[in-house]
Every structure is written in structure tokens, then in C-alpha cells.
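Student: Got a structure for you, questions after.
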Amino acid sequence: MGRSRKKFGAKAREPVAATEATKALEVEVNLDIRQDKYDGSNALVLPSKKKKEAVQKAKEAKSVPKLSKKKKKELQKVLERKKKKVNRTHLLEELEKSQASKKELSMLISTSTMQTKGLKRLGELTSAEAQPTEKLGAQINSIKGSRPTAPKRPRLRGSDILDLDPESSEDSSGDDDSGEEENNEERLEQSGADREATGSGEEKLGEDDSTEGAENAVAKSGQEEAVATSELAQKGSEPSATKPKPPPRPAVFVPVHRTEEIQNARHQLPILAEEQSIMEAINENDIVVICGQTGSGKTTQVPQFLYEAGYASQKGIIGITEPRRVAAVSMSKRVGQEMSLPCSVVSYQIRFEGNTTEDTKVKFMTDGVLLKEIQNNFLLTKYSVVIIDEAHERSIYSDILIGLLSRIVPLRRKRGNPLKLIIMSATLRVEDFTQNSHLFKVPPPVLKVDSRQHPVTIHFNKRTPDDYLQEAYRKVCKIHQQLPEGAILVFVTGQQEVHSLCHKLRKRYPAKQDDPKAEEVPAKEAADPKKNGSGSCKSDMSDTQTAPASKQASRINLDDYSVVPLDEGQLEDIVKDEEREDGVLSSDNEDEEPPPTQSFQPLMVLPLFSLLPSHKQAKVFQNPPPGMRLCVVATNVGETSLTIPNVKYVVDTGKVKMRVYDKVTGISAFMISWVSKASADQRAGRAGRTCPGHCYRLYSSAIFNDEFQKFTAPEITRRPVDDLVLQMKAMNIDKVVNFPYPSPPDKEALKAAEKKLILMGALEELPKPARFKDLAKWEWSSKVTPLGRAMSCFPVSPRYAKMLALSQQHGLLPYVVAVVAAMTVQEVFCNLGFSEEPHSQEKHTRWKKVRETWAGQGHSLALGDVMVLLKAVGASEFVGCSPSFCEQHGLRYKAMVEIRKLRIQLTNELNLLIPNLGLSVDPKMDPPSDLQAKLIRQVVLMGFSDHIAKKMTDEERCSETEAAIAKNAYKSIEVDDPVFIHPNSVLSGKLPLFVMYQEIFETSKMFMRVVAEVEPEWLPVYAPKACTFSAPLEDPPPRYDKKKDKVFCFMTSTFGPHGWKMEAAEHEFPVGLDRFRWFARFLLEGQVLPFFKSYTKLLLSPPVTMVKSWARLQPRTEHLLKALVSQSADSKEKLCEAWEKNPKYLLSEYLEWIQESLHNEVSLKWPPSHK
């Protein structure tokens, strides 16, 4: 039975206990006042009055209605106004302390006086005339709003008004609704008092502050919103305590002396106005993100802010990472020049060179340099600030740096030596940093800086053309013929398109330099606006700029104009002319061919792409000759890397050629695709650097909105990550999949990278667990090997690092260093796919003969394109790497300079890693001998053991769907499709059976680049991890090699996923029990140690018994086998190590094999001499 429910009205039916209080109440009877309908003296019927009053009060308290949401908001406003009053009082008190003196105030003139008498009249007044104004009592106050300090006039009051509000004068300066505010406060106090009384039961609410009453009222006005309202009430009465402020510290200022010219230039930068907010954010936060477009001054000014704030004085140095070496060098020089500091203080460190010293305070470097420093000093203790510049480019090293620094910063904070991390980006794509909780647990603050950008008008095409290159040509012609002065910048995809468009534009608008009068245009043609589209254009450039030759000043004859009002057709023509001034072209018909070019000024057309020599790139920064317009045809290198001056018109094809890698195989292909919206905006921004500009997009707005991605995918998601995984494994980051990437790479790419590194021997795969639940831990648990750790020391790809690590024998190191440097640099040879030169075919033929000569014969020819690269490096260094030699032999000069720098760096790295090596860069290096060429092939094979291809047989070609295409084709172990040797390769005519290649790239076909011949018998020896071996063959039988101290056997094998059969070859005996059985046989036969040979004929069983199938039947064989397995003694070296630990090792097991009469003799000689 449960507890009985209390009935309704049970309290009223309870008998009243007689107390002294009730007895006293029974006597007091008031007969005069009969408001009640009963006699109050009847104590037997009526309950106690005190009880009645308590119940009545409780009922009244319960009947108080809850505050509505509107009333809550009103009460909150009351609290906020009270807080403002308190803060205002404190503020005025603080301002009074810093108020100007009376002497200073007397020298000032109030605004009211100036407006009343006027500035001119005020200056004419004498001191005597101005004297009465000083006696009026109107004193100037430097504190705005400080009304209590002003003199008060007596307030007129009526005789019937009582002065009961002493604070009314102070509140008179408040809002107009002060009366309503007071009523709300009273209501708030009353509500809080009633609820306090209800909750306590017996206690009475005293006179509390109105703010506390408001807090109680808001906190108890609803059960569903109790928590939220209580927090708001606490915020209204208490100061904000969301984040504890750091303790105050003395301000530090390091003086910097700048020239007036530099100071004026700095004042024009938008970021200079944000210095205070930037430094406050850096001081209060360890991680800050700064966003600002190109030109805002982030790179040059933020390091100066930090230097002046003392971040480089005692704590450490300021480090700035740049994705490009050119930017690191140029920025260090620019910042040093602006701060008037020597290069020893503001220094740089890049891949090949640097000028850092012990006095360095500001250090610019590439991101790879800082990543190497983290390997040696994980906490970066010598840095106080690290700035990651150009983070929007999302290079693979900058992403890894941000991931590592996100863990280093908290560790430095715990150790009391905080490190500041500043991430600077040119785009507003900061969600990868701010909204990535795996990267930053607390989102860092984001500061946005405006840029010096003039307005740019965007013009879309009505429809998207198929031939964007021809459309770009038409658009440039229209701009040149119809629009005012200003340089033109055209964006195309690649080098060949740049040359093609330049050739067409130069042919249409040639520069006539021989005839000085060729640039002049007849006045008749210039005055005809229909024939010359630029006749009605008005240049909005400054008057100091030179007018084009096609815009000759013409006389206006008023007799040629009619006084009759213009009709609609004529008005439309005038509107079109005015639209030309706004950058609107006359027609958007893509099929319309531009008019002839007799009357137009010449066009100075210049190419711009990354492989262009530096002296030719510098031409785009020079002013064009008078009477010529500049037109730059560029690839995407013109988006952010270089700022071309005086660009007013941008023609954007919307296309970009991007190198795309397969996530698993790593095969690369150049794909032409749409750029991202962010890149399109970067291109358009190039037109607004110096003046308002126009951007003509050769695609429709629908394509832009639907087909364009918002941002370009980060590099780490678009390329193989072999080097990344090896570097992280060498830094003891085993679970690379759990690393805090800003944009994590695909797991398939990480798995493929680990698989390749295991094949190369850089990583060691742990044994697979037996339990299913342990598979997840085993999947990413590979460990770095000693070879892999040595490979991680070189700043090259893992396969090249393996070649360097294994090439110390036979004097191969200088040659391998040159080969690695040449294979690392892209586009060493000039490509004549398109050229404007008349004798280009002759050059191509001559260059091809030079390469065939460099290839040589024998093993040198078998080395193929690798030998051509090696001979090219040697020949270039022999003559001093001159530009004329490179031009004559078809070499790219910039690439050869890059190879020289990389050779020097690799040589220095090897000298540091290998003591007493003494390697140097010899410019007079002799060509390798025939034997050395063979050994170099083997070294290259060890680095590219996963890049092997076999020539397809006739049967395999017939099985293909298109036999004609598969002619001279090869089958690669990476892909199923047929691949081909490139026609420019020296092995394209030889077609060996097996070849190795550097990479596969896809154009019309899949071509192999940098090909060398491979001997089939080398594959099982130098690429054993890619082979599947059979069981050891009995014929020929295994043997023991004394020099190598190993057991060898012959095995057949298959290579690669296609199962190419290899001939039987000798290999080290595979690990297993049979390996110990054969070693025991050779030990008993005396082949390992001469001691056992003297007792071989006296053994109870022949040594061959150890390898027989019935050997388990004899105990002596099992005992000897178990003893060898227990110490892993499968070689002479391991056997001797076991005897050093235990001299009686194997004694009892060997005594079982000899007669008992020889036991004492053997025991005295044990252990056998191993000398």
C-alpha cells in the first residue's frame, strides 16, 4: 500500500492547538467595527487570525503574474542605463584628472563664440572688447559631457512645489524617459521583494539596491529561461569576466629612424591605420589571423610593428616565412631599407643561401627552412614571433608548419615563454583556420585590413566562346581601338598560348621603329569617329601622361553642326560614345572581326610566364615608348607574384593550366580548367592598382556562378605526399592521419605514400596483428628505418634522397649529386613546341644532335636521358654556365643556375652528414667511365624501383582494343593503359625491353619522361620488395658466402602487379627455419669455421642430415636447430656474439654429434676460435 493521499481542505479541518497567542487573541474583541459578517470572539469556530493572514499572504504572493519577455527587456534596459551612469561618472572623474589647465583653456575660443561673431570679426576685436565675454561665466571645458562641473543657474520653482528629489538635477541630463525608468525600477524592486518574501516564508525583504532587485526578478521570472536571464542579470551588474586580461606590463618601444620619403610612403598604406588594433590583438592572443588584399602592406609593415613593440629585443627573433625564395630575399631588403637597419639585423635564409648572423633580429625565410629548424629544435626557442605569410596559397610546407605551430604555441605558453603565431592571408578564406577545431581549439581572432584598390568594373560576355584564345585576341583589338589609354593584361593558360597570342597581336599592330613618322595618324582619319573608334574617347588618365598617336587634336567647326534637335538614332550614337568612356565596348558580338589597323597606334606586346628569363620578365615593368600601348600576355603567374604597373584593362579567359596528380599512382597530367572565383577576383584586382579599371571576362555570369569553385583546392590535396609522410615519420609523428592539417589530404593518398616508402625501404611495416580490433592501430603504425631517417636529411624527394644515401661507393657521389640536382629541376631543356623565330627548325635539329652526342655508346647510352642531363650539367659548368652556351645547346639558363645552387647545397649537406667526406663541386668534372655509368644505372634503379615499364609483345598489342595506337608501347607497373617513350628521348629509337622513368605525364598519350634502360636480372636484386619469389631451388643448391657471411640460394620470381616472370637468380636465403638448417649444415661441414672441419669425418651423422625431410626423427638435429634459433645465429658474426655472452653455447648440442671419446678434447678447445 502506498502512502494515502492527503484530501482537499485537510489543513482547514485540523484542530487548532491552544497557545498563549490564541488565548490573548480571544480576549480582544472589537464590537464597534463590524466589517466581517461574523463574531470574531467565537474561538471555537474560527481559526487563528495569524494563520489566516499567513495563508492569505501566500495566496497573494502566488498570484503575482510572471514577467513577460517585453518587460524583461525593459528591465534589462534599466540595468544597462544604470551601468552607463556609473561608468560615465568614473569616466568623467578620470577625464578631470587629465583636463587642460586654465591657462591653456584661456587661449582657446569656444565654437559658440566663433559662430556668433564670426572668424573675421573675432580677429578684429581688441582685448578690451573681448573682456566682457570672459565675465559671463561661460567657461571652456575640455571634457565633453561633464555637466556637473559647469556653473548652475538657480532653478525657478513655484511656492506650491516641494523640493523632495535631491538627485533630480543630476538626472536631468538623462534620457527623456527618466520618469518611466524610475517607475520600472520601482516595479523591479517590488517584484523582487515579493518573490524574496515568498521564497523565505518568514524573512522580510529589507531596503535593497534596485539593481539587485532587478537581478532577482529577472532570474526568477521563468523556469525555462532561468539560466539565460540570470547570466544577463549578472552581466548587467558585474563587469565582463569572459576572459581574464593579462597582467599589465610596461610598454616597450624600440626607436626606428626612417627617412621622410619612406615615412610618407608608409602613411599611404592602409595597414598603418590598423597598427593599434593589430598590436592589441597580438598582445592579448597567442594566435592571430590577418586578412588583407595584395598591396595593403602586411608583409612589410607587420614585422616593423613587432620590432618597434620590442618582440625582437630580448625574448627572441621575429621569423617570417614566405612560399617563394624571391619574396624572402626582396622583402628582407625592403624591410631593412625602410627601418634603416643593416642586412645583419634584417636577414634572410633560403634554400641555397642566406645572410643571417648572431645579430639578426628579423629573419625572412622560406617555409621549408623553418620546417628543417623544427626537426632540430621542436619548440623554436630562439623565436618570439613566427609569421606565416601568403597562407592563402596553401603550400604544402606552410600547411604543415601551421599544424605543428598549433601544438608548439600551447607548449611554449605552459613553459612561461610564449610564442606568437601570426597567419597572414590575402583572401578571406580563413574558415580552414578559424573553424577547424582539430587545428585550433579556441578560434583565433581575425583582423581584416582594407587594400589600396580603385574600383574595377566587371564585364561578362553574353555567351561563353569555345575558342577562348581567339576571343581574347578580338577583345584586345577592340580595347586597343576603342578605349582610352591604359595597359592591357591578358591571362591565358600556358607558354604556347602566350607565344601564339603575342605573335598575332604583333602582326596586327606592328611597331614601326624605322620610320619616325609612322606613328602619326592623318588628321582626316583621326577626326572620323566611325573609321577610328578612339576618336570620341576621352582619357580619364592624368594630363601628364602622353596621348596616343591615334588621338590627334582636331579643330571643331561649329558650322558642321545643326541647330535642329537630334533624333533618336543620333542620340543613341552619342550614348554609345559616352559608354566607351566607361569601358563599354561597341559590340559584344564575338563573331565580329575588328576593323583594319591602318590608323591605330602600335602595340607593345610582351610575354610573361614563369620560365621566361629574368631580363625579359623585367621588361613588363618598363614604360612603353611614346605613342605605344603596353599589352602583357601572361599566365597565372601575373595574379599575385608580380604587380604590373599602369594596368587599366584586364582580359580574363577564366582558364588555368594546372598539374593534376593521381592520388594513388602519382601520375601527373596538365589539365586546363576554370579558375576559382577567388583567383578571378585576384585577376580583376590587377586593373585597379593605380586607377579605376575594367575587367573583361570572356565567359558568361552563369558560368561564373555555377561552374567556378569558390577557392582553389590546397596544394596538399592535389599532389603526392611521399616527402611529407617521410618528414613527419622522421619527426616521430607516427600517426600521420591524425595530424592537425588545415586541410587534411585524402586518406588514399596517405596510404599510397606509405606503401611507396615501404617499397623504397624508408619505412618498416610492423607484423600484422592476429586480432581484428588491432587492425586499426596497425594500419598507420609503420616506423621509419635508419635508411629513411638518413633520407629525411636531404631537401629532395625521398627517391632522390635514397640515391644519395646509397652512392658513396666507387666514386659515384659527385655524379649522383649532379644527376639528382638535374632531375629535381623542371624543364632543363628548351622546348620548341612554338617559336616565332624563322630558323627554329634548324635549331631543333642541332639541339637533337647535341643530345645524341652527349648520350654516347654502351652503358652510357643505356643510361639514356639521365646521361644527357649529366653531360649537360658537366658541359655547362665547364664553360662557366654562360647564357650564350645555354642558348646554343638548347638549355634553359635559369634551370642551369638552379642546378648549380642545388649541387652546392647537396654537397654541403653530405659533408655535414658524413665525417671526413671532403666532397666538393668540381666545375671540371670528368665524364663517368663505362663502369661508373653502369653503377649509376643501378643507383637510379634503387630510387625508381616503382617506375618500371616493359615493352609490350605482339600478343599483348593484339589484345588491345586499338593495336595501331599501341605500337612501340610499354606496360607500366603503375597504370593499365599503354605508355610511350617521348620522341625527344635518346632511347626513342632503341626501345629496350625494360626501362625506368622519372614520371608519366599525359597529353594526347601517356609519355614517360627521363628514361633509362634496365637489365631484367637487376630487378629481383635491386627491387626485391616489388618481386614475388618462389621457394629456394634445390638445383643449384644453396651456398655459404664467406665474404658476405650469408647463405644464398637461387629462386625464380615475378615482378610487379602484372606478374612479369624473371629468370632464376641468386638471392639471400629467405628468413625461416630452413635458413637455420642450411647454416647448421655449413657449420658442421666446416665452411663457417675451420674448427669444425677437422671433426666432419668423425660425426655420428653426416651434416646433410640437417636439411633432409626426415631430420626431425633424430633428436640431435632438433637440439642443434633449436639452439641456433634461440640466439638467431644464422651467420658467423651472430654466432661469435653468442659465444661472447655464453662460452658454453652450442657445446652440449655439438657433443651429441661426435663420439663420446672426443668429448673431453672438444670441451677443452671450446669455444672455437673465430679468427
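Going through the C-alpha cells in order, the chains are called A, B, and so on, while each chain numbers its residues from 1 and the ligands are numbered from 1 in the order shown.
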Excluding range 752-769 of chain A and residues on its chain fewer than 4 positions from it, collect all residues at most 9 Å away from it, counting only C-alpha atoms, and give them as a count of residues only.

Tutor: 43

Student: Let's see if you can do this: from backbone DSSP, list all strand (DSSP E or B) residues in range 960-1121 of chain A, as a VMD selection string.

Tutor: chain A and resid 970 to 972 978 to 981 994 to 1002 1006 to 1013 1027 to 1029 1039 to 1041 1046 to 1055 1060 to 1068

Student: Excluding Gln263 in chain A and residues on its chain fewer than 4 positions from it, collect all residues at most 12 Å away from it, counting only C-alpha atoms, and give them as a PDB file with C-alpha atoms, in the first residue's frame.

Tutor:
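Result written to around-v4.pdb:
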```
ATOM      1  CA  VAL A 256      63.386  53.320 -35.586  1.00  0.00           C
ATOM      2  CA  HIS A 257      64.769  56.147 -37.715  1.00  0.00           C
ATOM      3  CA  ARG A 258      63.176  56.341 -41.143  1.00  0.00           C
ATOM      4  CA  THR A 259      63.667  58.809 -43.944  1.00  0.00           C
ATOM      5  CA  HIS A 267      51.411  56.625 -44.479  1.00  0.00           C
ATOM      6  CA  GLN A 268      49.716  55.682 -47.736  1.00  0.00           C
ATOM      7  CA  LEU A 269      49.450  52.018 -46.713  1.00  0.00           C
ATOM      8  CA  LEU A 272      49.268  51.631 -40.890  1.00  0.00           C
ATOM      9  CA  GLN A 301      54.724  46.565 -42.003  1.00  0.00           C
ATOM     10  CA  GLN A 337      65.725  49.711 -46.104  1.00  0.00           C
ATOM     11  CA  GLU A 338      62.545  51.083 -44.531  1.00  0.00           C
ATOM     12  CA  MET A 339      63.865  50.586 -40.984  1.00  0.00           C
ATOM     13  CA  SER A 340      67.358  51.864 -41.851  1.00  0.00           C
TER      14      SER A 340
END
```

Student: Please identify all polymer residues within 10 Å of Leu370 in chain A, counting only C-alpha atoms, omitting same-chain residues fewer than 3 positions from it, and present them as a PyMOL selection string.

Tutor: chain A and resi 319-321+349-350+364-367+373-375+380+386+397-398+401

Student: Which residues come within 10 Å of range 1141-1155 of chain A, counting only C-alpha atoms, excluding same-chain residues fewer than 2 positions away, as a ChimeraX atom specification?

Tutor: /A:1084,1092,1095-1103,1115-1124,1127,1135-1139,1157-1160,1162-1163,1166-1168

Student: Could the residues in this selection be saved with C-alpha atoms as a CSV table (one decimal), in the first residue's frame?

Tutor:
```
chain,number,residue,atom,x,y,z
A,1084,LEU,CA,79.1,-28.9,-39.4
A,1092,PHE,CA,84.5,-28.0,-37.2
A,1095,TYR,CA,85.7,-33.3,-36.9
A,1096,THR,CA,83.5,-33.6,-40.0
A,1097,LYS,CA,84.5,-37.2,-40.8
A,1098,LEU,CA,84.1,-38.2,-37.2
A,1099,LEU,CA,80.5,-37.1,-36.9
A,1100,LEU,CA,77.8,-39.7,-36.0
A,1101,SER,CA,75.6,-38.4,-38.8
A,1102,PRO,CA,76.5,-36.6,-42.0
A,1103,PRO,CA,75.9,-32.8,-42.0
A,1115,PRO,CA,67.0,-35.7,-31.6
A,1116,ARG,CA,70.5,-34.3,-32.3
A,1117,THR,CA,69.2,-32.3,-35.3
A,1118,GLU,CA,66.3,-30.8,-33.4
A,1119,HIS,CA,68.5,-29.8,-30.4
A,1120,LEU,CA,71.0,-28.1,-32.7
A,1121,LEU,CA,68.3,-26.3,-34.6
A,1122,LYS,CA,66.6,-25.0,-31.5
A,1123,ALA,CA,69.9,-23.8,-30.1
A,1124,LEU,CA,70.6,-21.7,-33.3
A,1127,GLN,CA,70.0,-16.8,-30.5
A,1135,LEU,CA,77.5,-17.0,-33.6
A,1136,CYS,CA,80.5,-15.2,-32.2
A,1137,GLU,CA,78.3,-12.7,-30.4
A,1138,ALA,CA,76.5,-15.5,-28.7
A,1139,TRP,CA,79.8,-17.1,-27.6
A,1157,SER,CA,85.8,-40.4,-26.6
A,1158,LEU,CA,86.2,-36.9,-28.1
A,1159,HIS,CA,84.1,-35.0,-25.6
A,1160,ASN,CA,86.9,-34.0,-23.3
A,1162,VAL,CA,86.3,-30.7,-27.7
A,1163,SER,CA,85.3,-29.3,-24.3
A,1166,TRP,CA,85.6,-24.8,-26.7
A,1167,PRO,CA,84.6,-22.2,-27.8
A,1168,PRO,CA,86.1,-22.5,-31.3
```

Student: Which residues are near Arg1077 in chain A? Cut-off 8 Å, only C-alpha atoms, ignore same chain within fewer than 3 positions. Put them as a PyMOL selection string.

Tutor: chain A and resi 1073-1074+1080-1081+1106-1107+1121

Student: May I have the residues from that selection written out with C-alpha atoms, as a PDB file, in the first residue's frame?

Tutor:
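This is the output file selection.pdb:
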```pdb
ATOM      1  CA  LEU A1073      63.699 -22.447 -40.231  1.00  0.00           C
ATOM      2  CA  ASP A1074      65.204 -23.715 -43.452  1.00  0.00           C
ATOM      3  CA  ALA A1080      73.807 -25.680 -39.414  1.00  0.00           C
ATOM      4  CA  ARG A1081      74.831 -27.942 -42.291  1.00  0.00           C
ATOM      5  CA  MET A1106      70.094 -31.272 -41.184  1.00  0.00           C
ATOM      6  CA  VAL A1107      68.274 -30.436 -44.450  1.00  0.00           C
ATOM      7  CA  LEU A1121      68.316 -26.322 -34.633  1.00  0.00           C
TER       8      LEU A1121
END
```

Student: Which residues are close to range 504-508 of chain A, i.e. within 9 Å by only C-alpha atoms, leaving aside same-chain residues fewer than 4 positions away? Reply as a PDB file with N, CA and C atoms, in the first residue's frame.

Tutor:
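Saved as part-v9.pdb:
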```pdb
ATOM      1  N   TYR A 473      41.901  37.485 -78.409  1.00  0.00           N
ATOM      2  CA  TYR A 473      42.502  38.306 -79.471  1.00  0.00           C
ATOM      3  C   TYR A 473      41.526  39.393 -79.936  1.00  0.00           C
ATOM      4  N   VAL A 476      41.133  42.142 -77.163  1.00  0.00           N
ATOM      5  CA  VAL A 476      42.269  43.054 -77.069  1.00  0.00           C
ATOM      6  C   VAL A 476      42.234  44.053 -78.217  1.00  0.00           C
ATOM      7  N   CYS A 477      41.868  43.601 -79.399  1.00  0.00           N
ATOM      8  CA  CYS A 477      41.782  44.525 -80.539  1.00  0.00           C
ATOM      9  C   CYS A 477      40.722  45.599 -80.302  1.00  0.00           C
ATOM     10  N   HIS A 499      52.879  32.661 -76.475  1.00  0.00           N
ATOM     11  CA  HIS A 499      53.599  32.959 -77.723  1.00  0.00           C
ATOM     12  C   HIS A 499      52.637  33.109 -78.898  1.00  0.00           C
ATOM     13  N   SER A 500      51.610  32.292 -78.959  1.00  0.00           N
ATOM     14  CA  SER A 500      50.673  32.356 -80.083  1.00  0.00           C
ATOM     15  C   SER A 500      49.923  33.682 -80.105  1.00  0.00           C
ATOM     16  N   PRO A 596      40.097  47.186 -89.812  1.00  0.00           N
ATOM     17  CA  PRO A 596      41.518  47.210 -90.193  1.00  0.00           C
ATOM     18  C   PRO A 596      42.343  48.096 -89.267  1.00  0.00           C
ATOM     19  N   THR A 597      43.631  48.008 -89.409  1.00  0.00           N
ATOM     20  CA  THR A 597      44.547  48.625 -88.439  1.00  0.00           C
ATOM     21  C   THR A 597      45.398  49.734 -89.013  1.00  0.00           C
ATOM     22  N   PRO A 602      50.681  51.640 -82.643  1.00  0.00           N
ATOM     23  CA  PRO A 602      51.277  50.306 -82.468  1.00  0.00           C
ATOM     24  C   PRO A 602      51.097  49.814 -81.032  1.00  0.00           C
ATOM     25  N   LEU A 603      51.225  48.524 -80.876  1.00  0.00           N
ATOM     26  CA  LEU A 603      51.017  47.861 -79.582  1.00  0.00           C
ATOM     27  C   LEU A 603      52.312  47.179 -79.165  1.00  0.00           C
ATOM     28  N   MET A 604      52.736  47.472 -77.937  1.00  0.00           N
ATOM     29  CA  MET A 604      53.941  46.842 -77.393  1.00  0.00           C
ATOM     30  C   MET A 604      53.506  45.585 -76.640  1.00  0.00           C
ATOM     31  N   VAL A 605      53.668  44.410 -77.259  1.00  0.00           N
ATOM     32  CA  VAL A 605      53.194  43.141 -76.721  1.00  0.00           C
ATOM     33  C   VAL A 605      54.369  42.414 -76.072  1.00  0.00           C
TER      34      VAL A 605
END
```

Student: Taking only C-alpha atoms into account, name the residue in A:Met952, A:Glu280, A:Phe829, A:Tyr800 that is nearest to Lys894 in chain A.

Tutor: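 Smallest separation from Lys894 in chain A among the options: A:Phe829.
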
Student: Would you compute the distance between CA of Lys777 in chain A and CA of Phe739 in chain A? Give it in Å to one decimal.

Tutor: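 Separation of CA of Lys777 in chain A and CA of Phe739 in chain A: 15.0 Å.
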
Student: Which is closest to Gly989 in chain A among A:Ser860, A:Glu852, A:Asp930, A:Phe1076, if we use only C-alpha atoms?

Tutor: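 The closest residue to Gly989 in chain A is A:Glu852.
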
Student: Would you please work out which residue, of A:Val78, A:Val828, A:Phe1050, A:Gly880, is nearest to Pro1037 in chain A when using only C-alpha atoms?

Tutor: A:Phe1050

Student: Please compute the CA of Gly856 in chain A-CA of Pro928 in chain A distance, one decimal, in Å.

Tutor: 11.1 Å

Student: Could you work out how far CA of Arg413 in chain A lies from CA of Leu447 in chain A, giving the answer in Å with one decimal?

Tutor: 22.4 Å

Student: Can you list, as a ChimeraX atom specification, every residue of range 856-1046 of chain A that DSSP puts in helix (DSSP H, G or I)?

Tutor: /A:859-862,865-878,883-888,893-913,930-943,954-959,1016-1022,1024-1026
